[in-house]
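Q: Enclosed is the structure file model01.cif (mmCIF, C-alpha atoms and all ligand atoms).
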data_my_file
loop_
_atom_site.label_atom_id
_atom_site.label_comp_id
_atom_site.auth_asym_id
_atom_site.auth_seq_id
_atom_site.Cartn_x
_atom_site.Cartn_y
_atom_site.Cartn_z
CA MET A 1 124.69 52.11 64.14
CA LYS A 2 127.09 52.99 66.87
CA THR A 3 126.35 51.36 70.23
CA THR A 4 127.61 52.50 73.58
CA THR A 5 129.12 49.91 75.87
CA ILE A 6 128.15 50.51 79.47
CA PRO A 7 131.20 49.87 81.64
CA LYS A 8 130.75 47.17 84.25
CA PRO A 9 130.68 48.66 87.74
CA PRO A 10 133.34 47.43 90.16
CA ARG A 11 132.03 44.96 92.72
CA VAL A 12 132.58 45.05 96.47
CA GLY A 13 132.29 42.00 98.69
CA LEU A 14 131.34 42.61 102.32
CA VAL A 15 132.01 40.60 105.47
CA SER A 16 130.23 42.36 108.36
CA LEU A 17 131.01 41.13 111.87
CA GLY A 18 129.90 42.33 115.30
CA CYS A 19 126.93 44.08 116.82
CA PRO A 20 123.95 45.90 115.23
CA LYS A 21 125.97 49.13 115.47
CA ALA A 22 128.65 47.64 113.23
CA LEU A 23 125.89 46.46 110.89
CA VAL A 24 124.62 50.04 110.63
CA ASP A 25 128.16 51.18 109.83
CA SER A 26 128.30 48.57 107.06
CA GLU A 27 124.96 49.80 105.71
CA ARG A 28 126.22 53.37 105.61
CA ILE A 29 129.45 52.41 103.88
CA MET A 30 127.66 50.24 101.32
CA THR A 31 125.07 52.99 100.73
CA LYS A 32 127.84 55.44 99.96
CA LEU A 33 129.68 52.96 97.73
CA ARG A 34 126.45 52.13 95.88
CA SER A 35 125.86 55.81 95.27
CA ASP A 36 129.41 55.99 93.93
CA GLY A 37 128.54 53.37 91.33
CA TYR A 38 129.66 50.12 92.98
CA ASP A 39 127.83 46.82 92.88
CA MET A 40 127.78 44.34 95.72
CA SER A 41 129.25 40.90 95.19
CA PRO A 42 127.67 38.00 97.08
CA ASP A 43 130.89 35.97 96.92
CA TYR A 44 134.66 36.41 97.06
CA ALA A 45 135.24 35.29 93.48
CA GLY A 46 133.13 38.04 91.90
CA ALA A 47 134.49 40.87 94.04
CA ASP A 48 137.09 43.39 92.88
CA VAL A 49 137.76 44.22 96.51
CA VAL A 50 136.52 42.72 99.78
CA LEU A 51 135.66 44.92 102.75
CA VAL A 52 135.88 43.29 106.18
CA ASN A 53 134.05 45.24 108.92
CA THR A 54 135.58 43.87 112.11
CA CYS A 55 134.55 43.64 115.76
CA GLY A 56 137.03 44.08 118.60
CA PHE A 57 134.73 43.92 121.62
CA LEU A 58 136.08 40.68 123.11
CA ASP A 59 139.22 38.69 122.42
CA SER A 60 137.04 35.98 120.87
CA ALA A 61 135.54 38.62 118.51
CA LYS A 62 139.05 39.78 117.58
CA ALA A 63 140.08 36.21 116.79
CA GLU A 64 136.98 35.85 114.61
CA SER A 65 137.82 39.14 112.86
CA LEU A 66 141.40 38.01 112.14
CA GLU A 67 140.09 34.72 110.81
CA ALA A 68 137.67 36.57 108.51
CA ILE A 69 140.49 38.79 107.19
CA GLY A 70 142.64 35.69 106.56
CA GLU A 71 139.84 33.99 104.68
CA ALA A 72 139.18 37.08 102.53
CA ILE A 73 142.90 37.34 101.68
CA ALA A 74 143.09 33.65 100.78
CA GLU A 75 139.90 33.71 98.69
CA ASN A 76 140.26 37.10 97.01
CA GLY A 77 143.49 38.83 97.97
CA ARG A 78 142.29 42.44 97.69
CA VAL A 79 141.11 43.31 101.16
CA VAL A 80 140.24 46.53 103.00
CA VAL A 81 139.71 46.27 106.76
CA THR A 82 137.53 48.63 108.81
CA GLY A 83 135.59 48.66 112.11
CA CYS A 84 136.57 48.33 115.75
CA MET A 85 139.68 46.25 115.12
CA GLY A 86 140.95 48.95 112.78
CA LYS A 87 142.30 50.59 115.94
CA GLU A 88 144.83 47.78 116.01
CA ALA A 89 146.18 48.34 112.52
CA ASP A 90 149.67 47.13 113.55
CA VAL A 91 148.36 43.72 114.63
CA ILE A 92 146.49 43.36 111.36
CA ARG A 93 149.36 44.52 109.14
CA GLU A 94 151.87 42.32 110.91
CA ARG A 95 149.71 39.25 110.39
CA PHE A 96 148.46 40.18 106.90
CA PRO A 97 150.99 42.44 105.17
CA GLY A 98 148.96 42.22 101.94
CA VAL A 99 145.94 44.07 103.35
CA LEU A 100 145.31 47.14 101.14
CA ALA A 101 144.11 49.51 103.87
CA VAL A 102 143.06 49.51 107.50
CA THR A 103 140.62 52.13 108.82
CA GLY A 104 138.99 52.48 112.23
CA PRO A 105 135.33 52.62 113.30
CA GLN A 106 133.19 55.43 111.86
CA GLN A 107 135.90 56.49 109.43
CA TYR A 108 133.42 56.40 106.58
CA GLU A 109 135.32 58.77 104.29
CA GLU A 110 138.59 56.87 104.79
CA VAL A 111 137.11 53.46 104.11
CA VAL A 112 135.25 54.69 101.02
CA ALA A 113 138.48 56.35 99.77
CA ALA A 114 140.36 53.08 100.33
CA VAL A 115 137.82 51.20 98.22
CA HIS A 116 138.07 53.89 95.51
CA ASP A 117 141.86 53.38 95.46
CA ALA A 118 141.57 49.59 95.32
CA ALA A 119 138.89 49.49 92.62
CA PRO A 120 138.29 52.91 91.02
CA PRO A 121 134.61 53.68 90.33
CA VAL A 122 133.28 54.07 86.80
CA ALA A 123 130.58 56.62 86.04
CA SER A 124 127.33 55.09 84.79
CA PRO A 125 123.80 56.46 84.77
CA PHE A 126 122.55 53.01 85.76
CA THR A 127 124.80 52.19 88.67
CA ASP A 128 124.51 55.65 90.18
CA LEU A 129 120.93 55.00 91.25
CA VAL A 130 120.38 54.34 94.92
CA PRO A 131 117.13 53.79 96.77
CA GLU A 132 116.12 56.88 98.78
CA ALA A 133 116.45 55.07 102.11
CA GLY A 134 119.92 53.78 101.30
CA LEU A 135 120.98 50.15 101.19
CA LYS A 136 119.95 47.99 104.10
CA LEU A 137 121.27 44.72 105.45
CA THR A 138 118.13 44.08 107.51
CA PRO A 139 114.79 43.03 105.96
CA ARG A 140 112.75 45.91 104.58
CA HIS A 141 110.22 45.88 107.42
CA TYR A 142 112.60 46.73 110.28
CA SER A 143 115.59 49.05 110.53
CA TYR A 144 118.19 49.96 113.09
CA LEU A 145 118.48 53.68 113.70
CA LYS A 146 121.79 54.72 115.17
CA ILE A 147 121.48 57.96 117.13
CA SER A 148 125.01 58.36 118.49
CA GLU A 149 128.48 56.91 118.54
CA GLY A 150 130.85 56.29 121.42
CA CYS A 151 130.31 56.38 125.16
CA ASN A 152 131.22 58.60 128.11
CA HIS A 153 131.24 55.73 130.63
CA ARG A 154 134.29 53.68 131.49
CA CYS A 155 132.90 50.31 132.55
CA ALA A 156 135.74 48.15 133.82
CA PHE A 157 135.07 45.22 131.46
CA CYS A 158 134.62 47.25 128.28
CA ILE A 159 136.99 48.75 125.74
CA ILE A 160 134.34 50.34 123.52
CA PRO A 161 135.11 53.93 124.64
CA HIS A 162 138.76 53.18 123.83
CA LEU A 163 137.77 51.84 120.41
CA ARG A 164 135.01 54.28 119.54
CA GLY A 165 135.75 57.33 121.67
CA ASP A 166 133.45 59.52 123.76
CA LEU A 167 129.79 60.15 123.00
CA VAL A 168 129.11 61.88 119.67
CA SER A 169 125.38 62.38 119.03
CA ARG A 170 123.83 62.82 115.60
CA ARG A 171 121.67 65.86 115.02
CA PRO A 172 118.03 65.06 115.81
CA ASP A 173 116.74 66.46 112.50
CA ALA A 174 119.16 64.20 110.58
CA ILE A 175 117.99 61.16 112.54
CA LEU A 176 114.34 62.04 111.96
CA ARG A 177 114.89 62.59 108.24
CA GLU A 178 116.56 59.17 107.98
CA ALA A 179 113.70 57.59 109.95
CA GLU A 180 111.10 59.23 107.68
CA LYS A 181 112.81 57.82 104.59
CA LEU A 182 112.99 54.37 106.14
CA VAL A 183 109.28 54.42 106.99
CA ALA A 184 108.43 55.67 103.49
CA ALA A 185 110.47 52.74 102.10
CA GLY A 186 108.47 50.17 104.07
CA THR A 187 110.03 50.01 107.52
CA LYS A 188 107.44 49.03 110.12
CA GLU A 189 109.75 48.99 113.10
CA LEU A 190 112.56 51.39 114.03
CA LEU A 191 115.11 50.02 116.49
CA VAL A 192 116.88 52.90 118.21
CA ILE A 193 120.49 51.95 119.00
CA SER A 194 123.62 53.57 120.41
CA GLN A 195 126.04 52.68 123.21
CA ASP A 196 123.99 54.69 125.68
CA THR A 197 120.61 55.86 124.38
CA SER A 198 119.72 57.78 127.56
CA ALA A 199 122.81 59.98 127.15
CA TYR A 200 121.74 61.09 123.67
CA GLY A 201 122.40 64.79 123.05
CA LEU A 202 124.56 65.44 126.13
CA ASP A 203 127.51 66.38 123.92
CA LEU A 204 125.24 68.71 121.91
CA LYS A 205 124.18 70.35 125.17
CA HIS A 206 120.63 69.28 124.24
CA ALA A 207 120.41 72.10 121.69
CA SER A 208 117.38 72.39 119.37
CA TRP A 209 117.15 72.17 115.58
CA PRO A 210 114.31 73.21 113.27
CA TRP A 211 111.90 70.38 112.53
CA LYS A 212 108.55 70.50 110.72
CA GLY A 213 107.82 74.13 111.42
CA GLY A 214 108.88 73.82 115.05
CA GLU A 215 111.96 72.64 116.85
CA VAL A 216 113.29 69.36 118.14
CA ARG A 217 115.75 69.12 121.03
CA ALA A 218 118.71 66.73 120.99
CA HIS A 219 117.35 64.80 123.95
CA MET A 220 116.14 61.22 124.16
CA THR A 221 112.61 62.09 125.23
CA ASP A 222 112.07 64.72 122.53
CA LEU A 223 113.67 62.62 119.81
CA VAL A 224 111.65 59.48 120.54
CA ARG A 225 108.42 61.47 120.80
CA GLU A 226 108.97 62.71 117.23
CA LEU A 227 109.98 59.23 116.07
CA GLY A 228 106.77 57.89 117.57
CA LYS A 229 104.75 60.18 115.29
CA LEU A 230 106.08 58.54 112.11
CA GLY A 231 103.66 55.62 112.29
CA ALA A 232 106.15 52.78 112.82
CA TRP A 233 106.87 50.73 115.92
CA VAL A 234 109.71 52.41 117.84
CA ARG A 235 111.82 50.21 120.10
CA LEU A 236 114.49 51.54 122.47
CA HIS A 237 117.74 49.66 123.05
CA TYR A 238 120.66 50.28 125.43
CA VAL A 239 118.78 52.58 127.76
CA TYR A 240 120.54 53.36 131.05
CA PRO A 241 118.16 54.01 133.93
CA TYR A 242 118.93 57.70 134.40
CA PRO A 243 116.08 59.66 136.04
CA HIS A 244 114.82 61.09 132.75
CA VAL A 245 114.00 57.60 131.48
CA ASP A 246 110.86 58.04 133.58
CA SER A 247 109.71 60.60 131.02
CA VAL A 248 109.54 58.09 128.15
CA ILE A 249 107.17 55.80 130.05
CA PRO A 250 104.14 58.11 129.44
CA LEU A 251 105.00 58.01 125.71
CA MET A 252 104.64 54.23 125.89
CA ALA A 253 101.32 54.63 127.68
CA GLU A 254 100.22 56.93 124.83
CA GLY A 255 101.21 54.31 122.24
CA LEU A 256 103.94 56.44 120.65
CA LEU A 257 106.68 53.99 121.70
CA LEU A 258 106.66 50.23 122.08
CA PRO A 259 106.27 49.16 125.71
CA TYR A 260 109.78 47.79 125.68
CA LEU A 261 113.02 48.79 127.35
CA ASP A 262 116.39 47.17 126.80
CA ILE A 263 118.42 48.13 129.87
CA PRO A 264 121.83 46.48 130.22
CA PHE A 265 121.95 46.20 134.03
CA GLN A 266 124.96 43.79 133.97
CA HIS A 267 124.65 42.99 137.69
CA ALA A 268 122.61 43.78 140.80
CA SER A 269 125.08 43.52 143.68
CA PRO A 270 126.12 47.07 144.69
CA LYS A 271 129.65 45.83 145.35
CA ILE A 272 130.03 44.31 141.89
CA LEU A 273 128.32 47.25 140.16
CA LYS A 274 130.79 49.55 141.88
CA ALA A 275 133.73 47.39 140.80
CA MET A 276 132.30 47.39 137.27
CA LYS A 277 132.05 51.20 137.46
CA ARG A 278 128.40 51.01 136.39
CA PRO A 279 126.20 54.01 137.10
CA ALA A 280 123.20 52.33 138.78
CA ASN A 281 121.47 51.98 142.11
CA GLU A 282 119.67 48.65 142.11
CA ALA A 283 117.34 49.38 145.03
CA LYS A 284 115.89 52.42 143.29
CA VAL A 285 115.74 50.51 140.03
CA LEU A 286 113.40 47.91 141.53
CA ALA A 287 111.11 50.67 142.79
CA ARG A 288 111.18 52.36 139.41
CA LEU A 289 110.43 49.11 137.60
CA ARG A 290 107.33 48.78 139.78
CA ASP A 291 106.33 52.36 138.99
CA TRP A 292 106.89 51.91 135.23
CA ARG A 293 104.79 48.73 135.22
CA ALA A 294 102.03 50.51 137.12
CA GLN A 295 101.88 53.03 134.25
CA VAL A 296 102.42 50.53 131.42
CA PRO A 297 101.27 47.08 132.57
CA ASP A 298 102.48 45.27 129.47
CA LEU A 299 105.99 46.82 129.61
CA ALA A 300 108.63 44.27 128.56
CA VAL A 301 112.09 44.75 130.07
CA ARG A 302 115.09 43.07 128.56
CA SER A 303 118.53 43.08 130.12
CA SER A 304 121.92 41.45 130.03
CA PHE A 305 124.12 40.36 132.92
CA VAL A 306 127.74 39.41 133.38
CA VAL A 307 128.47 36.48 135.69
CA GLY A 308 131.87 35.65 137.12
CA PHE A 309 133.16 39.25 137.19
CA PRO A 310 136.42 39.39 139.19
CA GLY A 311 135.68 39.35 142.93
CA GLU A 312 132.11 38.00 142.50
CA THR A 313 131.48 35.79 145.53
CA GLU A 314 128.70 33.26 146.01
CA GLU A 315 126.98 35.90 148.13
CA ASP A 316 127.15 38.51 145.34
CA PHE A 317 125.81 35.97 142.92
CA ASP A 318 122.92 35.03 145.23
CA TYR A 319 122.14 38.73 145.48
CA LEU A 320 121.82 38.82 141.71
CA LEU A 321 119.52 35.77 141.66
CA ASN A 322 117.28 37.24 144.37
CA TRP A 323 117.19 40.56 142.54
CA LEU A 324 116.21 38.82 139.30
CA GLU A 325 113.46 36.93 141.11
CA GLU A 326 112.09 40.24 142.33
CA ALA A 327 112.62 42.23 139.14
CA GLN A 328 110.77 39.64 137.00
CA LEU A 329 112.47 40.76 133.80
CA ASP A 330 110.89 39.52 130.61
CA ARG A 331 114.08 38.74 128.71
CA VAL A 332 117.51 38.08 130.14
CA GLY A 333 120.79 37.47 128.38
CA ALA A 334 123.83 36.37 130.41
CA PHE A 335 127.52 36.41 129.58
CA LYS A 336 130.39 34.77 131.35
CA PHE A 337 132.99 37.44 132.14
CA GLU A 338 135.70 37.35 129.52
CA PRO A 339 138.99 39.17 130.11
CA VAL A 340 139.59 41.61 127.27
CA GLU A 341 143.02 43.00 126.56
CA GLY A 342 143.08 46.65 127.61
CA ALA A 343 140.04 46.48 129.93
CA PRO A 344 140.78 47.29 133.61
CA ALA A 345 138.82 44.24 134.84
CA THR A 346 141.26 41.93 133.07
CA SER A 347 143.99 42.67 135.59
CA MET A 348 141.74 42.79 138.66
CA PRO A 349 142.47 40.32 141.47
CA ASP A 350 140.16 37.42 142.38
CA GLN A 351 139.39 36.24 138.87
CA VAL A 352 136.62 33.63 138.97
CA PRO A 353 137.50 30.12 137.73
CA ASP A 354 135.89 29.06 134.46
CA GLU A 355 133.91 26.18 135.98
CA VAL A 356 132.38 28.56 138.56
CA LYS A 357 131.46 31.03 135.80
CA GLN A 358 129.80 28.21 133.87
CA GLU A 359 127.86 27.00 136.90
CA ARG A 360 126.62 30.54 137.67
CA TYR A 361 125.75 31.12 134.04
CA ASP A 362 123.66 27.94 134.02
CA ARG A 363 121.85 29.02 137.19
CA VAL A 364 121.03 32.51 135.85
CA MET A 365 119.79 31.07 132.59
CA ALA A 366 117.63 28.46 134.36
CA LEU A 367 116.06 31.10 136.59
CA SER A 368 115.38 33.51 133.75
CA ALA A 369 113.96 30.71 131.61
CA ARG A 370 111.51 29.88 134.38
CA ILE A 371 110.48 33.54 134.80
CA SER A 372 110.16 33.94 131.04
CA ALA A 373 108.03 30.76 130.78
CA GLU A 374 105.70 32.03 133.52
CA LYS A 375 105.36 35.45 131.93
CA LEU A 376 104.68 33.99 128.49
CA ALA A 377 102.14 31.49 129.89
CA ALA A 378 100.19 34.46 131.28
CA LYS A 379 99.69 35.66 127.68
CA VAL A 380 97.88 32.48 126.57
CA GLY A 381 94.28 33.33 125.67
CA LYS A 382 95.10 36.97 124.97
CA THR A 383 95.13 38.72 121.59
CA ILE A 384 98.33 40.60 120.79
CA ASP A 385 99.72 42.50 117.80
CA VAL A 386 102.37 40.61 115.84
CA LEU A 387 104.73 41.92 113.15
CA ILE A 388 105.26 39.18 110.57
CA ASP A 389 108.94 38.46 109.87
CA ALA A 390 108.65 35.44 107.59
CA VAL A 391 105.93 33.43 105.88
CA ASP A 392 106.23 29.74 105.21
CA ALA A 393 104.17 29.41 102.03
CA GLU A 394 104.57 25.62 101.96
CA ASN A 395 102.91 24.71 105.24
CA GLY A 396 100.82 27.85 105.72
CA GLY A 397 102.65 29.05 108.84
CA ALA A 398 104.41 32.29 109.67
CA THR A 399 106.85 33.66 112.20
CA GLY A 400 106.56 37.06 113.77
CA ARG A 401 107.29 39.09 116.85
CA SER A 402 105.12 40.78 119.43
CA LYS A 403 105.81 44.24 120.84
CA ALA A 404 107.83 42.47 123.56
CA ASP A 405 110.28 40.88 121.10
CA ALA A 406 113.20 42.57 119.41
CA PRO A 407 114.57 40.79 116.33
CA GLU A 408 117.42 38.30 116.79
CA ILE A 409 117.67 38.63 120.58
CA ASP A 410 114.17 37.93 121.94
CA GLY A 411 111.49 35.32 121.34
CA GLU A 412 109.14 34.79 118.41
CA VAL A 413 105.46 34.20 117.81
CA GLN A 414 104.86 31.10 115.70
CA LEU A 415 101.62 31.21 113.71
CA ARG A 416 99.64 28.41 112.13
CA ASP A 417 96.96 29.03 109.49
CA SER A 418 98.51 32.34 108.56
CA GLY A 419 96.40 32.65 105.39
CA HIS A 420 97.51 35.47 103.15
CA LEU A 421 99.88 37.20 105.49
CA GLU A 422 102.98 38.88 104.14
CA GLN A 423 106.28 39.89 105.64
CA GLY A 424 105.85 43.27 107.34
CA ASP A 425 102.13 42.87 108.11
CA ILE A 426 101.05 43.73 111.65
CA VAL A 427 98.15 41.49 112.68
CA PRO A 428 96.21 40.60 115.83
CA VAL A 429 97.05 37.08 116.99
CA LEU A 430 95.25 34.88 119.51
CA VAL A 431 97.90 33.25 121.70
CA GLU A 432 97.16 29.54 122.13
CA ASP A 433 100.31 28.21 123.74
CA SER A 434 103.75 29.18 125.04
CA ASP A 435 107.11 27.76 126.07
CA GLU A 436 110.21 29.25 127.68
CA HIS A 437 110.91 31.74 124.91
CA ASP A 438 108.19 31.72 122.26
CA LEU A 439 104.45 32.07 121.81
CA PHE A 440 102.20 30.05 119.48
CA GLY A 441 98.94 31.22 118.01
CA VAL A 442 96.58 31.94 115.11
CA PRO A 443 95.54 35.18 113.42
CA ALA A 444 92.56 36.47 115.43
S1 LIG A 501 128.22 51.94 128.94
FE1 LIG A 501 129.95 50.71 129.65
S2 LIG A 501 129.65 48.72 128.61
FE2 LIG A 501 128.44 50.23 127.48
S3 LIG A 501 129.80 50.97 125.88
FE3 LIG A 501 129.98 52.40 127.60
S4 LIG A 501 131.74 51.65 128.73
FE4 LIG A 501 131.09 49.96 127.40
#
Starting from the coordinates I provided, produce the structure as structure tokens.
Ligand code: SF4

A:
Amino acid sequence: MKTTTIPKPPRVGLVSLGCPKALVDSERIMTKLRSDGYDMSPDYAGADVVLVNTCGFLDSAKAESLEAIGEAIAENGRVVVTGCMGKEADVIRERFPGVLAVTGPQQYEEVVAAVHDAAPPVASPFTDLVPEAGLKLTPRHYSYLKISEGCNHRCAFCIIPHLRGDLVSRRPDAILREAEKLVAAGTKELLVISQDTSAYGLDLKHASWPWKGGEVRAHMTDLVRELGKLGAWVRLHYVYPYPHVDSVIPLMAEGLLLPYLDIPFQHASPKILKAMKRPANEAKVLARLRDWRAQVPDLAVRSSFVVGFPGETEEDFDYLLNWLEEAQLDRVGAFKFEPVEGAPATSMPDQVPDEVKQERYDRVMALSARISAEKLAAKVGKTIDVLIDAVDAENGGATGRSKADAPEIDGEVQLRDSGHLEQGDIVPVLVEDSDEHDLFGVPA
């Protein structure tokens, strides 16, 4: 009897660096490669080609990217580079002449073509199968949903617009179709990401597309309302406080969106915000925060701040601390200003010495830890919904997140006596205790 030998599919190794947006790029590339018949290799040795998705946001991220490329060359030798650092192809080629190809961010076709050249695909009825929702690098129960690329702002400390270009929004019907597939495949939480979620659809002039017998407009409010109807938690990241953000608050009150806003304020002092070229008016923001909380009392606001921006005086910094005390944000991340090659702030006068940056960083973190601890302590005795991320079968515990916690960046809810819970379950939990970042409880 004649037997047919099924050719072994070529294997691609992946090193994915950088932010959730880069992770989504990696997912898209790997989804396409999988549909072209490629397998993924968990290690360098088994890979026919290694793809390094780089990050170029800060100089430290660039150094990490170069190190990752060097390691992939040493361990495997057949390396394709993509992502934000791909804009600096000369730097990469000079340091690693053996790199097979260098492509920039969002150049999906180019990077896939480079992999095809490096390790040609083989047709096979088995390897051509791809799950409907594509391949994901996050656990099945939550998914990042990228709604646009690029950014129209020009913040003085940031080179993302230079790396990724101006705002390019995806069509709302395409986003919704992707979200539907993700929910059908088991996603319980959709994390909406972009560089500037509030600006979604500006470049499309907020035009409408057919959707489910009606129409959906390319506008943040309309898009998230439709997302909210899919039955999963919907969490908004990178929201700038433009006036129309007010219109998503009622959707939170209705339960269509999680009562959560990730707003990267970056500072509070009007002088520093102006120097940063940030579009924000902190006085109005405090009033709006009060108004939002009046409508949605359990609204959780997360933000990030830069300390030690050039020209930041002790007075500016005190302004920030006082503002934070008043704003009572639930989650705060702080970064010490880091000069990035190509960013205008790098050559600004009055750079702040490192030890001052460190001291200010420590003070911001101490203040936000105290506020966070107080806010979490107020939840003790309450029953809240928790999405289970991981179950510890051995000691009967589990880890999850409340509606106020985004994965990776916020706190967790630690559960004892979790019984028969599984990853992806959403359960009511009685909060018994708290600390600076996390809650502790039992299934209610
Ligand atoms: S809003 Fe500012 S910090 Fe954010 S990506 Fe655009 S330029 Fe960079």

Q: Which of these residues is nearest to Tyr242 (chain A), using only C-alpha atoms: A:Lys62, A:Arg278, A:Pro270, A:Asp39?

A: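 Under the stated criterion, the closest residue is A:Arg278.
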
Q: Once 3 Å is added on each side, what centre and edge lengths in Å to one decimal does the axis-aligned box around all listed atoms of ligand LIG 501 (chain A) have, as JSON?

A:
{"center_x": 130.0, "center_y": 50.6, "center_z": 127.8, "size_x": 9.5, "size_y": 9.7, "size_z": 9.8}

Q: Go through chain A and flag each residue having an atom no more than 7 Å from ligand LIG 501 (chain A); for those, report the closest pair of atoms plus their distance in Å to one decimal, using all atoms listed in the file, ordered by chain and rising number, as a tab-separated table.

A:
residue	atom	partner	partner_atom	distance
A:Cys151	CA	A:LIG501	FE3	4.7
A:Asn152	CA	A:LIG501	FE3	6.3
A:His153	CA	A:LIG501	S4	4.5
A:Arg154	CA	A:LIG501	S4	4.3
A:Cys155	CA	A:LIG501	FE1	4.2
A:Cys158	CA	A:LIG501	FE4	4.5
A:Ile159	CA	A:LIG501	FE4	6.2
A:Ile160	CA	A:LIG501	FE4	5.1
A:Pro161	CA	A:LIG501	S4	5.8
A:Gln195	CA	A:LIG501	S3	4.9
A:Asp196	CA	A:LIG501	S1	6.0
A:Arg278	CA	A:LIG501	FE1	6.9

Q: Within 12 Å of (107.0, 58.5, 112.3), all atoms listed in the file: residues as an MDAnalysis selection string?

A: chainID A and resid 175:184 186:190 223:234 256:257

Q: Could the residues in this selection be saved with C-alpha atoms as a compact mmCIF listing (two decimals), in the frame of the given file?

A:
# COMPACT_ATOMS: atom_id res chain seq x y z
CA ILE A 175 117.99 61.16 112.54
CA LEU A 176 114.34 62.04 111.96
CA ARG A 177 114.89 62.59 108.24
CA GLU A 178 116.56 59.17 107.98
CA ALA A 179 113.70 57.59 109.95
CA GLU A 180 111.10 59.23 107.68
CA LYS A 181 112.81 57.82 104.59
CA LEU A 182 112.99 54.37 106.14
CA VAL A 183 109.28 54.42 106.99
CA ALA A 184 108.43 55.67 103.49
CA GLY A 186 108.47 50.17 104.07
CA THR A 187 110.03 50.01 107.52
CA LYS A 188 107.44 49.03 110.12
CA GLU A 189 109.75 48.99 113.10
CA LEU A 190 112.56 51.39 114.03
CA LEU A 223 113.67 62.62 119.81
CA VAL A 224 111.65 59.48 120.54
CA ARG A 225 108.42 61.47 120.80
CA GLU A 226 108.97 62.71 117.23
CA LEU A 227 109.98 59.23 116.07
CA GLY A 228 106.77 57.89 117.57
CA LYS A 229 104.75 60.18 115.29
CA LEU A 230 106.08 58.54 112.11
CA GLY A 231 103.66 55.62 112.29
CA ALA A 232 106.15 52.78 112.82
CA TRP A 233 106.87 50.73 115.92
CA VAL A 234 109.71 52.41 117.84
CA LEU A 256 103.94 56.44 120.65
CA LEU A 257 106.68 53.99 121.70

Q: For each of A:Ser402, A:Ser303, A:Thr313, A:Thr103, take the minimum atom-to-atom distance to Ser269 (chain A), counting all atoms listed in the file, then give the residue where this is smallest.

A: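 Nearest candidate to Ser269 (chain A) out of A:Ser402, A:Ser303, A:Thr313, A:Thr103: A:Thr313.
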
Q: Any idea what the distance is between CA of Arg290 (chain A) and CA of Pro243 (chain A)?

A: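 Between CA of Arg290 (chain A) and CA of Pro243 (chain A) the gap works out to 14.5 Å.
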
Q: Between A:Lys212, A:Val239, A:Ile371, A:Thr31, which residue has the minimum interatomic distance to Glu326 (chain A), considering only C-alpha atoms?

A: A:Ile371

Q: Show which residues sit within 9 Å of Ala398 (chain A), as a ChimeraX atom specification. Count all atoms listed in the file, and ignore same-chain residues fewer than 3 positions away.

A: /A:388-393,395,413-418,421-423

Q: Set the distance at 10 Å and use all atoms listed in the file: which residues neighbour Val52 (chain A) once local chain neighbours fewer than 4 positions away are removed? I'd like the list as a PDB file with C-alpha atoms, keeping the file's coordinate frame.

A:
ATOM      1  CA  GLY A  13     132.290  42.000  98.690  1.00  0.00           C
ATOM      2  CA  LEU A  14     131.340  42.610 102.320  1.00  0.00           C
ATOM      3  CA  VAL A  15     132.010  40.600 105.470  1.00  0.00           C
ATOM      4  CA  SER A  16     130.230  42.360 108.360  1.00  0.00           C
ATOM      5  CA  LEU A  17     131.010  41.130 111.870  1.00  0.00           C
ATOM      6  CA  SER A  26     128.300  48.570 107.060  1.00  0.00           C
ATOM      7  CA  SER A  65     137.820  39.140 112.860  1.00  0.00           C
ATOM      8  CA  LEU A  66     141.400  38.010 112.140  1.00  0.00           C
ATOM      9  CA  ALA A  68     137.670  36.570 108.510  1.00  0.00           C
ATOM     10  CA  ILE A  69     140.490  38.790 107.190  1.00  0.00           C
ATOM     11  CA  ALA A  72     139.180  37.080 102.530  1.00  0.00           C
ATOM     12  CA  VAL A  79     141.110  43.310 101.160  1.00  0.00           C
ATOM     13  CA  VAL A  80     140.240  46.530 103.000  1.00  0.00           C
ATOM     14  CA  VAL A  81     139.710  46.270 106.760  1.00  0.00           C
ATOM     15  CA  THR A  82     137.530  48.630 108.810  1.00  0.00           C
ATOM     16  CA  GLY A  83     135.590  48.660 112.110  1.00  0.00           C
ATOM     17  CA  VAL A 102     143.060  49.510 107.500  1.00  0.00           C
TER      18      VAL A 102
END

Q: List as a PyMOL selection string the protein and nucleic acid residues near Leu430 (chain A), meaning an atom at most 6 Å away when only C-alpha atoms are counted, but skip any in the same chain fewer than 3 places from it.

A: chain A and resi 382-383+441-442+444

Q: Find the distance between CA of Ala61 (chain A) and CA of Gly18 (chain A) and write it in Å to one decimal.

A: 7.5 Å

Q: My list of candidates is A:Tyr260, A:Met30, A:Ser247, A:Ala174. Which is closest to Ala218 (chain A) when distances are computed with all atoms listed in the file?

A: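 The shortest atom-to-atom distance to Ala218 (chain A) comes from A:Ala174.
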
Q: What is the CA of Ser169 (chain A) to CA of Ser194 (chain A) distance in Å?

A: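 Value for the CA of Ser169 (chain A)-CA of Ser194 (chain A) distance: 9.1 Å.
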
Q: Excluding same-chain residues fewer than 2 positions from Pro349 (chain A), what lies within 9 Å of it counting only C-alpha atoms, as a list in words?

A: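 Result of the neighbour search: Pro310, Gly311, Ala345, Thr346, Ser347 and Gln351 of chain A.
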
Q: Which residues are close to Gly419 (chain A), i.e. within 9 Å by all atoms listed in the file, leaving aside same-chain residues fewer than 4 positions away? Reply as a list in words.

A: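 Counting all atoms listed in the file, the residues come to Gly396, Gly397 and Pro443 of chain A.
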